[in-house]
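Data from final.json: JSON, C-alpha atoms and all ligand atoms
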[["chain", "number", "residue", "atom", "x", "y", "z"],
["W", 983, "ALA", "CA", 0.00, 0.00, 0.00],
["W", 984, "GLY", "CA", 2.62, 2.53, -1.06],
["W", 985, "LYS", "CA", 6.12, 3.19, 0.15],
["W", 986, "GLY", "CA", 7.00, 1.60, 3.47],
["W", 987, "GLN", "CA", 3.45, 0.43, 4.13],
["W", 988, "ILE", "CA", 1.72, -2.89, 3.89],
["W", 989, "ARG", "CA", -1.95, -3.67, 3.88],
["W", 990, "ILE", "CA", -3.34, -7.11, 4.59],
["W", 991, "PHE", "CA", -6.17, -8.37, 2.42],
["W", 992, "ASP", "CA", -9.26, -9.29, 4.32],
["W", 993, "PRO", "CA", -12.32, -10.94, 2.68],
["W", 994, "ALA", "CA", -14.43, -8.12, 4.15],
["W", 995, "MET", "CA", -12.62, -5.78, 1.74],
["W", 996, "ARG", "CA", -13.89, -7.71, -1.26],
["W", 997, "LEU", "CA", -17.39, -7.65, 0.18],
["W", 998, "ALA", "CA", -17.18, -3.91, 0.72],
["W", 999, "ALA", "CA", -15.93, -3.37, -2.83],
["W", 1000, "THR", "CA", -18.66, -5.57, -4.32],
["W", 1001, "LYS", "CA", -21.33, -3.84, -2.27],
["W", 1002, "HIS", "CA", -19.96, -0.49, -3.35],
["W", 1003, "LEU", "CA", -20.24, -1.37, -7.06],
["W", 1004, "GLU", "CA", -23.68, -2.83, -6.60],
["W", 1005, "TYR", "CA", -24.98, 0.16, -4.64],
["W", 1006, "ARG", "CA", -23.46, 2.60, -7.04],
["W", 1007, "SER", "CA", -25.43, 1.35, -10.01],
["W", 1008, "GLU", "CA", -28.64, 0.88, -8.03],
["W", 1009, "LEU", "CA", -28.50, 4.21, -6.27],
["W", 1010, "SER", "CA", -29.15, 6.17, -9.46],
["W", 1011, "SER", "CA", -32.51, 4.46, -9.91],
["W", 1012, "ALA", "CA", -33.34, 4.71, -6.19],
["W", 1013, "LEU", "CA", -34.28, 8.37, -6.57],
["W", 1014, "GLU", "CA", -36.55, 7.77, -9.57],
["W", 1015, "GLN", "CA", -38.11, 4.68, -8.03],
["W", 1016, "ASP", "CA", -39.11, 6.43, -4.83],
["W", 1017, "GLN", "CA", -36.86, 4.30, -2.63],
["W", 1018, "LEU", "CA", -35.58, 7.21, -0.57],
["W", 1019, "ARG", "CA", -37.29, 8.69, 2.44],
["W", 1020, "LEU", "CA", -36.45, 10.99, 5.31],
["W", 1021, "VAL", "CA", -36.44, 10.39, 9.02],
["W", 1022, "TYR", "CA", -36.02, 13.10, 11.63],
["W", 1023, "MET", "CA", -33.67, 13.11, 14.61],
["W", 1024, "PRO", "CA", -35.10, 15.42, 17.30],
["W", 1025, "PHE", "CA", -33.11, 18.21, 18.92],
["W", 1026, "VAL", "CA", -33.77, 18.32, 22.66],
["W", 1027, "ASP", "CA", -33.18, 21.40, 24.78],
["W", 1028, "LEU", "CA", -31.09, 20.01, 27.64],
["W", 1029, "ARG", "CA", -32.41, 22.54, 30.13],
["W", 1030, "THR", "CA", -36.13, 22.07, 29.53],
["W", 1031, "GLY", "CA", -36.30, 18.64, 27.88],
["W", 1032, "GLN", "CA", -38.47, 20.06, 25.08],
["W", 1033, "VAL", "CA", -38.03, 19.09, 21.44],
["W", 1034, "THR", "CA", -36.92, 22.25, 19.64],
["W", 1035, "GLY", "CA", -36.50, 20.95, 16.10],
["W", 1036, "ALA", "CA", -35.07, 18.06, 14.11],
["W", 1037, "GLU", "CA", -32.37, 17.01, 11.68],
["W", 1038, "ALA", "CA", -33.42, 15.35, 8.43],
["W", 1039, "LEU", "CA", -31.57, 12.10, 7.70],
["W", 1040, "VAL", "CA", -31.99, 10.26, 4.43],
["W", 1041, "ARG", "CA", -32.73, 6.51, 4.28],
["W", 1042, "TRP", "CA", -32.70, 4.16, 1.33],
["W", 1043, "HIS", "CA", -35.25, 1.42, 1.28],
["W", 1044, "HIS", "CA", -33.43, -1.14, -0.83],
["W", 1045, "PRO", "CA", -35.70, -3.71, -2.54],
["W", 1046, "GLU", "CA", -33.50, -6.62, -1.33],
["W", 1047, "HIS", "CA", -31.46, -5.36, 1.60],
["W", 1048, "GLY", "CA", -34.13, -3.32, 3.36],
["W", 1049, "ASP", "CA", -33.36, 0.00, 5.06],
["W", 1050, "ILE", "CA", -29.83, 1.21, 4.47],
["W", 1051, "PRO", "CA", -28.46, 3.99, 6.70],
["W", 1052, "ALA", "CA", -27.05, 7.15, 5.18],
["W", 1053, "SER", "CA", -23.57, 6.32, 6.46],
["W", 1054, "GLU", "CA", -23.45, 3.43, 3.96],
["W", 1055, "PHE", "CA", -24.56, 5.16, 0.78],
["W", 1056, "ILE", "CA", -23.85, 8.90, 1.17],
["W", 1057, "PRO", "CA", -20.11, 8.37, 0.50],
["W", 1058, "ILE", "CA", -21.01, 6.46, -2.69],
["W", 1059, "ALA", "CA", -23.46, 9.17, -3.77],
["W", 1060, "GLU", "CA", -20.75, 11.77, -3.14],
["W", 1061, "ARG", "CA", -18.22, 9.99, -5.35],
["W", 1062, "SER", "CA", -20.68, 9.51, -8.21],
["W", 1063, "GLY", "CA", -22.05, 13.06, -8.04],
["W", 1064, "LEU", "CA", -25.52, 11.70, -7.38],
["W", 1065, "ILE", "CA", -25.46, 13.58, -4.10],
["W", 1066, "VAL", "CA", -26.41, 16.74, -6.01],
["W", 1067, "PRO", "CA", -29.89, 15.67, -7.22],
["W", 1068, "MET", "CA", -30.30, 13.64, -4.03],
["W", 1069, "GLY", "CA", -29.51, 16.68, -1.89],
["W", 1070, "GLU", "CA", -32.12, 18.70, -3.78],
["W", 1071, "TRP", "CA", -34.70, 16.00, -3.19],
["W", 1072, "VAL", "CA", -33.81, 15.92, 0.54],
["W", 1073, "LEU", "CA", -34.11, 19.68, 0.87],
["W", 1074, "ASP", "CA", -37.43, 19.77, -0.94],
["W", 1075, "GLN", "CA", -38.94, 16.98, 1.18],
["W", 1076, "ALA", "CA", -37.61, 18.35, 4.45],
["W", 1077, "LEU", "CA", -38.82, 21.88, 3.74],
["W", 1078, "ALA", "CA", -42.26, 20.58, 2.81],
["W", 1079, "GLN", "CA", -42.42, 19.04, 6.31],
["W", 1080, "ALA", "CA", -40.98, 22.06, 8.09],
["W", 1081, "ALA", "CA", -43.56, 24.30, 6.42],
["W", 1082, "ARG", "CA", -46.17, 22.55, 8.60],
["W", 1083, "TRP", "CA", -44.29, 23.07, 11.85],
["W", 1084, "ARG", "CA", -44.89, 26.07, 14.01],
["W", 1085, "PRO", "CA", -42.38, 28.89, 13.45],
["W", 1086, "GLY", "CA", -39.39, 28.70, 15.76],
["W", 1087, "LEU", "CA", -38.83, 24.95, 15.40],
["W", 1088, "TYR", "CA", -35.55, 24.22, 13.68],
["W", 1089, "LEU", "CA", -35.07, 22.12, 10.57],
["W", 1090, "SER", "CA", -31.49, 20.98, 10.08],
["W", 1091, "VAL", "CA", -30.19, 19.49, 6.82],
["W", 1092, "ASN", "CA", -26.81, 17.96, 6.04],
["W", 1093, "VAL", "CA", -24.88, 19.07, 2.98],
["W", 1094, "SER", "CA", -21.72, 17.58, 1.45],
["W", 1095, "ALA", "CA", -18.67, 19.28, 0.03],
["W", 1096, "VAL", "CA", -19.73, 18.18, -3.47],
["W", 1097, "GLN", "CA", -22.99, 20.09, -3.01],
["W", 1098, "ILE", "CA", -21.47, 23.36, -1.85],
["W", 1099, "ARG", "CA", -19.06, 23.23, -4.80],
["W", 1100, "GLN", "CA", -21.97, 23.62, -7.23],
["W", 1101, "PRO", "CA", -21.91, 27.17, -8.60],
["W", 1102, "ASP", "CA", -25.67, 27.62, -8.11],
["W", 1103, "PHE", "CA", -25.84, 25.98, -4.65],
["W", 1104, "VAL", "CA", -26.70, 29.19, -2.77],
["W", 1105, "GLU", "CA", -29.36, 30.34, -5.27],
["W", 1106, "ARG", "CA", -31.06, 26.97, -5.37],
["W", 1107, "PHE", "CA", -31.06, 26.64, -1.61],
["W", 1108, "VAL", "CA", -32.57, 30.07, -1.08],
["W", 1109, "GLU", "CA", -35.13, 29.45, -3.84],
["W", 1110, "ALA", "CA", -36.29, 26.23, -2.13],
["W", 1111, "VAL", "CA", -36.64, 27.90, 1.29],
["W", 1112, "ASP", "CA", -38.65, 30.76, -0.29],
["W", 1113, "ARG", "CA", -40.84, 28.42, -2.28],
["W", 1114, "HIS", "CA", -41.84, 26.47, 0.82],
["W", 1115, "ARG", "CA", -42.28, 29.68, 2.83],
["W", 1116, "VAL", "CA", -40.18, 28.39, 5.72],
["W", 1117, "PRO", "CA", -38.68, 31.21, 7.82],
["W", 1118, "PRO", "CA", -34.96, 31.20, 6.82],
["W", 1119, "GLY", "CA", -33.99, 31.66, 10.47],
["W", 1120, "ASP", "CA", -35.53, 28.26, 11.25],
["W", 1121, "VAL", "CA", -33.26, 26.46, 8.76],
["W", 1122, "VAL", "CA", -29.86, 25.13, 9.84],
["W", 1123, "ILE", "CA", -27.31, 23.82, 7.34],
["W", 1124, "GLU", "CA", -24.89, 21.24, 8.69],
["W", 1125, "ILE", "CA", -21.46, 20.90, 7.17],
["W", 1126, "THR", "CA", -18.87, 18.61, 8.66],
["W", 1127, "GLU", "CA", -15.70, 19.83, 10.26],
["W", 1128, "THR", "CA", -13.74, 18.04, 7.50],
["W", 1129, "THR", "CA", -15.66, 19.85, 4.73],
["W", 1130, "LEU", "CA", -15.07, 23.15, 6.48],
["W", 1131, "VAL", "CA", -11.33, 22.55, 6.59],
["W", 1132, "ASP", "CA", -11.03, 21.06, 3.08],
["W", 1133, "GLU", "CA", -13.16, 23.65, 1.32],
["W", 1134, "GLY", "CA", -11.57, 26.63, 3.12],
["W", 1135, "ASP", "CA", -12.45, 29.94, 1.45],
["W", 1136, "ARG", "CA", -15.16, 28.42, -0.69],
["W", 1137, "ALA", "CA", -16.93, 27.24, 2.47],
["W", 1138, "THR", "CA", -16.56, 30.67, 4.08],
["W", 1139, "GLU", "CA", -18.04, 32.36, 1.02],
["W", 1140, "THR", "CA", -21.00, 29.97, 0.87],
["W", 1141, "ILE", "CA", -21.64, 30.35, 4.59],
["W", 1142, "ASN", "CA", -21.50, 34.13, 4.38],
["W", 1143, "ARG", "CA", -23.90, 34.33, 1.46],
["W", 1144, "LEU", "CA", -26.44, 32.00, 3.05],
["W", 1145, "ARG", "CA", -26.19, 33.70, 6.43],
["W", 1146, "GLU", "CA", -26.94, 37.01, 4.71],
["W", 1147, "GLU", "CA", -30.20, 35.38, 3.66],
["W", 1148, "GLY", "CA", -30.90, 34.58, 7.31],
["W", 1149, "LEU", "CA", -29.98, 30.87, 7.35],
["W", 1150, "ARG", "CA", -27.88, 29.35, 10.10],
["W", 1151, "PHE", "CA", -24.86, 27.08, 10.03],
["W", 1152, "ALA", "CA", -23.73, 24.18, 12.17],
["W", 1153, "VAL", "CA", -20.34, 22.47, 12.18],
["W", 1154, "ASP", "CA", -21.14, 18.75, 12.24],
["W", 1155, "ASP", "CA", -18.94, 16.03, 13.79],
["W", 1156, "TYR", "CA", -16.82, 18.61, 15.56],
["W", 1157, "GLY", "CA", -13.84, 17.06, 17.35],
["W", 1158, "SER", "CA", -13.39, 14.27, 14.80],
["W", 1159, "GLY", "CA", -11.16, 16.20, 12.38],
["W", 1160, "TYR", "CA", -8.49, 18.83, 12.55],
["W", 1161, "CYS", "CA", -10.19, 22.18, 12.64],
["W", 1162, "SER", "CA", -7.99, 24.65, 14.47],
["W", 1163, "LEU", "CA", -9.42, 27.31, 16.70],
["W", 1164, "SER", "CA", -8.36, 30.05, 14.27],
["W", 1165, "GLN", "CA", -10.08, 28.24, 11.37],
["W", 1166, "LEU", "CA", -13.22, 27.90, 13.45],
["W", 1167, "GLN", "CA", -13.18, 31.59, 14.34],
["W", 1168, "ARG", "CA", -12.79, 32.52, 10.69],
["W", 1169, "HIS", "CA", -16.01, 30.75, 9.73],
["W", 1170, "PRO", "CA", -19.14, 32.57, 10.78],
["W", 1171, "VAL", "CA", -21.06, 29.60, 12.19],
["W", 1172, "ASP", "CA", -23.88, 29.48, 14.75],
["W", 1173, "LEU", "CA", -23.80, 25.97, 16.18],
["W", 1174, "LEU", "CA", -21.19, 23.42, 17.09],
["W", 1175, "LYS", "CA", -22.24, 19.77, 17.02],
["W", 1176, "ILE", "CA", -19.88, 17.69, 19.12],
["W", 1177, "ASP", "CA", -19.01, 14.37, 17.48],
["W", 1178, "ARG", "CA", -20.50, 11.18, 18.87],
["W", 1179, "ALA", "CA", -17.05, 9.66, 19.49],
["W", 1180, "ALA", "CA", -16.20, 12.50, 21.91],
["W", 1181, "ILE", "CA", -19.57, 12.17, 23.67],
["W", 1182, "GLU", "CA", -19.08, 8.40, 24.01],
["W", 1183, "GLU", "CA", -16.19, 8.91, 26.40],
["W", 1184, "PHE", "CA", -17.86, 11.71, 28.26],
["W", 1185, "GLY", "CA", -18.77, 10.89, 31.81],
["W", 1186, "SER", "CA", -17.16, 7.45, 31.85],
["W", 1187, "ASP", "CA", -13.53, 8.45, 31.64],
["W", 1188, "PRO", "CA", -12.16, 11.67, 33.16],
["W", 1189, "GLN", "CA", -9.31, 11.86, 30.61],
["W", 1190, "GLY", "CA", -11.63, 11.32, 27.66],
["W", 1191, "SER", "CA", -14.02, 13.98, 28.87],
["W", 1192, "THR", "CA", -11.38, 16.70, 28.70],
["W", 1193, "LEU", "CA", -11.98, 17.05, 24.96],
["W", 1194, "THR", "CA", -15.72, 17.58, 25.34],
["W", 1195, "ARG", "CA", -15.31, 19.91, 28.32],
["W", 1196, "THR", "CA", -12.80, 21.99, 26.39],
["W", 1197, "ILE", "CA", -15.05, 22.17, 23.32],
["W", 1198, "LEU", "CA", -17.96, 23.30, 25.52],
["W", 1199, "GLN", "CA", -15.87, 26.04, 27.14],
["W", 1200, "MET", "CA", -14.51, 27.21, 23.82],
["W", 1201, "ALA", "CA", -17.97, 27.28, 22.20],
["W", 1202, "ASP", "CA", -19.22, 29.30, 25.15],
["W", 1203, "SER", "CA", -16.55, 31.94, 24.68],
["W", 1204, "LEU", "CA", -17.20, 32.06, 20.93],
["W", 1205, "GLU", "CA", -20.93, 32.37, 21.72],
["W", 1206, "LEU", "CA", -21.83, 29.28, 19.72],
["W", 1207, "LEU", "CA", -24.75, 27.06, 20.61],
["W", 1208, "THR", "CA", -23.59, 23.53, 21.46],
["W", 1209, "VAL", "CA", -25.27, 20.32, 20.36],
["W", 1210, "ALA", "CA", -24.11, 16.92, 21.66],
["W", 1211, "GLU", "CA", -24.54, 14.11, 19.11],
["W", 1212, "GLY", "CA", -25.23, 10.48, 19.96],
["W", 1213, "ILE", "CA", -26.21, 10.67, 23.63],
["W", 1214, "GLU", "CA", -26.83, 7.07, 24.67],
["W", 1215, "THR", "CA", -26.48, 6.97, 28.46],
["W", 1216, "SER", "CA", -27.95, 8.90, 31.35],
["W", 1217, "VAL", "CA", -24.42, 9.55, 32.65],
["W", 1218, "GLN", "CA", -23.53, 11.33, 29.41],
["W", 1219, "LEU", "CA", -26.75, 13.30, 29.62],
["W", 1220, "ARG", "CA", -26.13, 14.35, 33.23],
["W", 1221, "GLU", "CA", -22.53, 15.37, 32.58],
["W", 1222, "LEU", "CA", -23.43, 17.32, 29.46],
["W", 1223, "ARG", "CA", -26.10, 19.21, 31.37],
["W", 1224, "ARG", "CA", -23.71, 19.86, 34.22],
["W", 1225, "HIS", "CA", -21.17, 21.36, 31.81],
["W", 1226, "GLY", "CA", -23.70, 23.60, 30.11],
["W", 1227, "CYS", "CA", -24.27, 21.87, 26.76],
["W", 1228, "ASP", "CA", -27.35, 23.49, 25.20],
["W", 1229, "VAL", "CA", -28.92, 20.83, 23.00],
["W", 1230, "GLY", "CA", -28.76, 17.03, 22.70],
["W", 1231, "GLN", "CA", -29.48, 14.35, 20.13],
["W", 1232, "GLY", "CA", -29.12, 10.60, 20.55],
["W", 1233, "TYR", "CA", -30.85, 7.30, 21.05],
["W", 1234, "LEU", "CA", -31.40, 7.96, 24.78],
["W", 1235, "LEU", "CA", -33.54, 10.98, 23.92],
["W", 1236, "SER", "CA", -35.12, 9.63, 20.76],
["W", 1237, "ARG", "CA", -34.48, 7.39, 17.78],
["W", 1238, "PRO", "CA", -34.86, 9.04, 14.37],
["W", 1239, "LEU", "CA", -38.61, 9.43, 13.77],
["W", 1240, "GLU", "CA", -40.99, 9.41, 10.84],
["W", 1241, "ALA", "CA", -42.46, 12.85, 10.09],
["W", 1242, "HIS", "CA", -45.83, 12.06, 11.71],
["W", 1243, "ALA", "CA", -44.23, 10.73, 14.91],
["W", 1244, "LEU", "CA", -42.06, 13.84, 15.12],
["W", 1245, "ALA", "CA", -45.13, 16.07, 14.80],
["W", 1246, "ARG", "CA", -46.56, 14.35, 17.90],
["W", 1247, "ARG", "CA", -43.36, 15.15, 19.82],
["W", 1248, "PHE", "CA", -43.71, 18.79, 18.86],
["W", 1249, "SER", "CA", -47.28, 19.06, 20.04],
["W", 1250, "GLY", "CA", -46.86, 16.78, 23.07],
["W", 1251, "ALA", "CA", -46.07, 18.86, 26.13],
["W", 1252, "GLU", "CA", -44.20, 16.11, 27.94],
["W", 1253, "PRO", "CA", -40.46, 16.75, 28.04],
["W", 1254, "VAL", "CA", -38.08, 14.04, 26.82],
["W", 1255, "ALA", "CA", -35.86, 12.49, 29.51],
["W", 1256, "ALA", "CA", -35.95, 15.68, 31.54],
["W", 1257, "SER", "CA", -35.23, 14.00, 34.86],
["W", 1301, "LIG", "P1", -24.64, 13.03, 11.02],
["W", 1301, "LIG", "O1", -25.22, 14.21, 10.35],
["W", 1301, "LIG", "O2", -23.58, 13.28, 12.03],
["W", 1301, "LIG", "O3", -25.86, 12.24, 11.62],
["W", 1301, "LIG", "C1", -25.81, 11.49, 12.80],
["W", 1301, "LIG", "C2", -25.74, 10.00, 12.50],
["W", 1301, "LIG", "O4", -25.60, 9.31, 13.74],
["W", 1301, "LIG", "C3", -27.00, 9.43, 11.87],
["W", 1301, "LIG", "O5", -26.59, 8.31, 11.09],
["W", 1301, "LIG", "C4", -27.81, 8.99, 13.09],
["W", 1301, "LIG", "O6", -28.76, 8.00, 12.79],
["W", 1301, "LIG", "C5", -26.71, 8.47, 13.99],
["W", 1301, "LIG", "N1", -27.04, 8.61, 15.42],
["W", 1301, "LIG", "C6", -27.72, 9.59, 16.03],
["W", 1301, "LIG", "N2", -27.82, 9.38, 17.37],
["W", 1301, "LIG", "C7", -27.15, 8.24, 17.62],
["W", 1301, "LIG", "C8", -26.87, 7.47, 18.83],
["W", 1301, "LIG", "O7", -27.26, 7.82, 19.95],
["W", 1301, "LIG", "N3", -26.14, 6.35, 18.67],
["W", 1301, "LIG", "C9", -25.69, 5.92, 17.46],
["W", 1301, "LIG", "N4", -24.99, 4.80, 17.43],
["W", 1301, "LIG", "N5", -25.93, 6.60, 16.31],
["W", 1301, "LIG", "C10", -26.65, 7.74, 16.39],
["W", 1301, "LIG", "P2", -26.97, 8.18, 9.54],
["W", 1301, "LIG", "O8", -28.40, 8.54, 9.33],
["W", 1301, "LIG", "O9", -26.46, 6.86, 9.04],
["W", 1301, "LIG", "O10", -26.14, 9.33, 8.85],
["W", 1301, "LIG", "C11", -24.75, 9.27, 8.71],
["W", 1301, "LIG", "C12", -24.22, 10.52, 8.07],
["W", 1301, "LIG", "O11", -24.64, 10.63, 6.71],
["W", 1301, "LIG", "C13", -24.75, 11.78, 8.75],
["W", 1301, "LIG", "O12", -24.00, 12.04, 9.91],
["W", 1301, "LIG", "C14", -24.56, 12.80, 7.64],
["W", 1301, "LIG", "O13", -23.22, 13.27, 7.63],
["W", 1301, "LIG", "C15", -24.81, 11.99, 6.41],
["W", 1301, "LIG", "N6", -26.18, 12.28, 5.93],
["W", 1301, "LIG", "C16", -27.37, 11.83, 6.39],
["W", 1301, "LIG", "N7", -28.39, 12.33, 5.67],
["W", 1301, "LIG", "C17", -27.82, 13.14, 4.73],
["W", 1301, "LIG", "C18", -28.35, 13.96, 3.66],
["W", 1301, "LIG", "O14", -29.55, 14.09, 3.45],
["W", 1301, "LIG", "N8", -27.43, 14.63, 2.89],
["W", 1301, "LIG", "C19", -26.08, 14.54, 3.10],
["W", 1301, "LIG", "N9", -25.26, 15.26, 2.30],
["W", 1301, "LIG", "N10", -25.57, 13.80, 4.09],
["W", 1301, "LIG", "C20", -26.42, 13.10, 4.89],
["W", 1302, "MG", "MG", -25.65, 16.03, 10.82],
["W", 1303, "MG", "MG", -22.60, 14.31, 13.13]]
Is it possible to express this structure as structure tokens?
Ligand code: C2E
Ligand code: MG
Ligand code: MG
Amino acid sequence: AGKGQIRIFDPAMRLAATKHLEYRSELSSALEQDQLRLVYMPFVDLRTGQVTGAEALVRWHHPEHGDIPASEFIPIAERSGLIVPMGEWVLDQALAQAARWRPGLYLSVNVSAVQIRQPDFVERFVEAVDRHRVPPGDVVIEITETTLVDEGDRATETINRLREEGLRFAVDDYGSGYCSLSQLQRHPVDLLKIDRAAIEEFGSDPQGSTLTRTILQMADSLELLTVAEGIETSVQLRELRRHGCDVGQGYLLSRPLEAHALARRFSGAEPVAAS
């Protein structure tokens, strides 16, 4: 595997490569054949326990393999460019849902580097938000820490133009890549989503929690709202609350929900795991 490196073949690699090829050809018809759908991962205010919005996550209902999570096909869609029409479909569907929510509830959508590289990305995004009459201030765009670093000035320009239109930005998977503090300060973002891997160690291991504690302190001084991803245990929840994290997502609070089930969470007064 290149100079001074070896890589050992494992049968799982062949399986992964075969699956990749298979998915790649099938994915292009998935859009046309209505095999994609969205689920929504609630955002929970960690002080009040109320659901304050949700993140749209795409799912592929494969005719043979059943539901396939985004983590398995988004990278393939990115490499083939299919992420562009798929991203437009996601935005359209998600905005159609959000248009029915009461104003003030957040809709968050993920976008890839390939999408923000499209010359008309900003125009098309703004056009879709206008068309669905969703208040731009209720829409959050998530871009990963890695995209932010790799795209550099292009990311800054896109973020600036969309923020001028009133939309908000979140850095997704923060703490998993190599975004320096100065890079973070340079990008005018609103929210910091702390990566699940950092949250996993939080509470259980005092060394491991230093990263999350530091991120929370830093976000506080930069006046960014903090979102913890992938909360699975009540210890993590308690520690995050204790250290002032604003918002949480994760299986402990809720699994990703169908649109109708999410609507019930919005109207239901009972807080989620508020104890
Ligand atoms: P993400 O935006 O960081 O989304 C969080 C992922 O973690 C989701 O996986 C979600 O189901 C999972 N998750 C949330 N809470 C927990 C938890 O408590 N425990 C565990 N084990 N997992 C949890 P998913 O849906 O497979 O998405 C993976 C990634 O694919 C997303 O990461 C996002 O970067 C990307 N993605 C998803 N939907 C879209 C989309 O519509 N467009 C684009 N461009 N990317 C998308
Ligand atoms: Mg996300
Ligand atoms: Mg994430």
Worksheet item: If we count all atoms listed in the file, what is near region 1131-1137 of chain W at a cut-off of 12 Å, once residues fewer than 3 positions away on the same chain are taken out, given as a ChimeraX atom specification?
Response: /W:1093-1101,1103-1104,1123-1128,1140-1145,1151,1153-1154,1156,1158-1166,1168-1171
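With only C-alpha atoms taken into account, the protein and nucleic acid residues at most 6 Å from region 1219-1221 of chain W (excluding it and anything under 3 positions from it in its own chain) are W:Gly1185, W:Ser1216, W:Arg1224.
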Discussion item. Any residue with an atom at most 12 Å from ligand MG 1302 (chain W) counts, using all atoms listed in the file. Which are they? Put them as a ChimeraX atom specification.
Written reply: /W:1022-1025,1036-1040,1052-1053,1089-1094,1122-1127,1151-1156,1173-1178,1209-1212,1231-1232
Item to complete: Using all atoms listed in the file, find the one residue out of W:Gly1157, W:Pro1117, W:Gly1031, W:Pro1238 that sits nearest to ligand MG 1303 (chain W).
Response: W:Gly1157
Worksheet item: To one decimal place, how far is CA of Thr1208 (chain W) from CA of Val1111 (chain W) in Å?
Response: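 Value for the CA of Thr1208 (chain W)-CA of Val1111 (chain W) distance: 24.4 Å.
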Discussion item. With distances taken over only C-alpha atoms, which residue among W:Glu1004, W:Asp1120, W:His1044, W:Ala994 lies nearest Gln1017 (chain W)?
Written reply: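 Checking each candidate against Gln1017 (chain W), we get W:His1044 as the closest.
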Worksheet item: Taking into account only C-alpha atoms, which residue in the set W:Ile1050, W:Leu1003, W:Ala1080, W:Val1021 is nearest to Ser1062 (chain W)?
Response: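 For Ser1062 (chain W), the nearest of the candidates is W:Leu1003.
Restricting the calculation to all atoms listed in the file, the smallest distance between Glu1060 (chain W) and any of W:Gln987, W:Ser1010, W:Thr1000, W:Ser1236 is found for W:Ser1010.
Separating CA of Gly984 (chain W) from CA of Gly1063 (chain W) is a distance of 27.7 Å.
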Practice prompt. Could you check which of W:Pro1057, W:Arg1106, W:Thr1215, W:Val1116 is closest to Arg1082 (chain W), using all atoms listed in the file?
Written response: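 Selected residue with least distance to Arg1082 (chain W): W:Val1116.
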Worksheet entry | Within 12 Å of file point (-45.1, 16.7, 10.1), counting only C-alpha atoms, expressed as a list in words | Leu1020, Val1021, Tyr1022, Gly1035, Ala1036, Ala1038, Gln1075, Ala1076, Leu1077, Ala1078, Gln1079, Ala1080, Ala1081, Arg1082, Trp1083, Arg1084, Leu1087, Leu1089, Leu1239, Glu1240, Ala1241, His1242, Ala1243, Leu1244, Ala1245, Arg1246, Arg1247, Phe1248 and Ser1249 of chain W
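What separates CA of Gly1230 (chain W) from atom O8 of ligand LIG 1301 (chain W) is a distance of 15.8 Å.
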Worksheet item: With distances taken over all atoms listed in the file, which of W:Val1066, W:Leu1013, W:Val1217, W:Val1229 is nearest to Phe1107 (chain W)?
Response: W:Val1066
Practice prompt. Using all atoms listed in the file, determine which residues lie at most 7 Å from region 1192-1197 of chain W, disregarding the query and same-chain residues fewer than 6 positions distant; provide the list as JSON, numbers by chain.
Written response: {"W": [1180, 1181, 1184, 1225]}
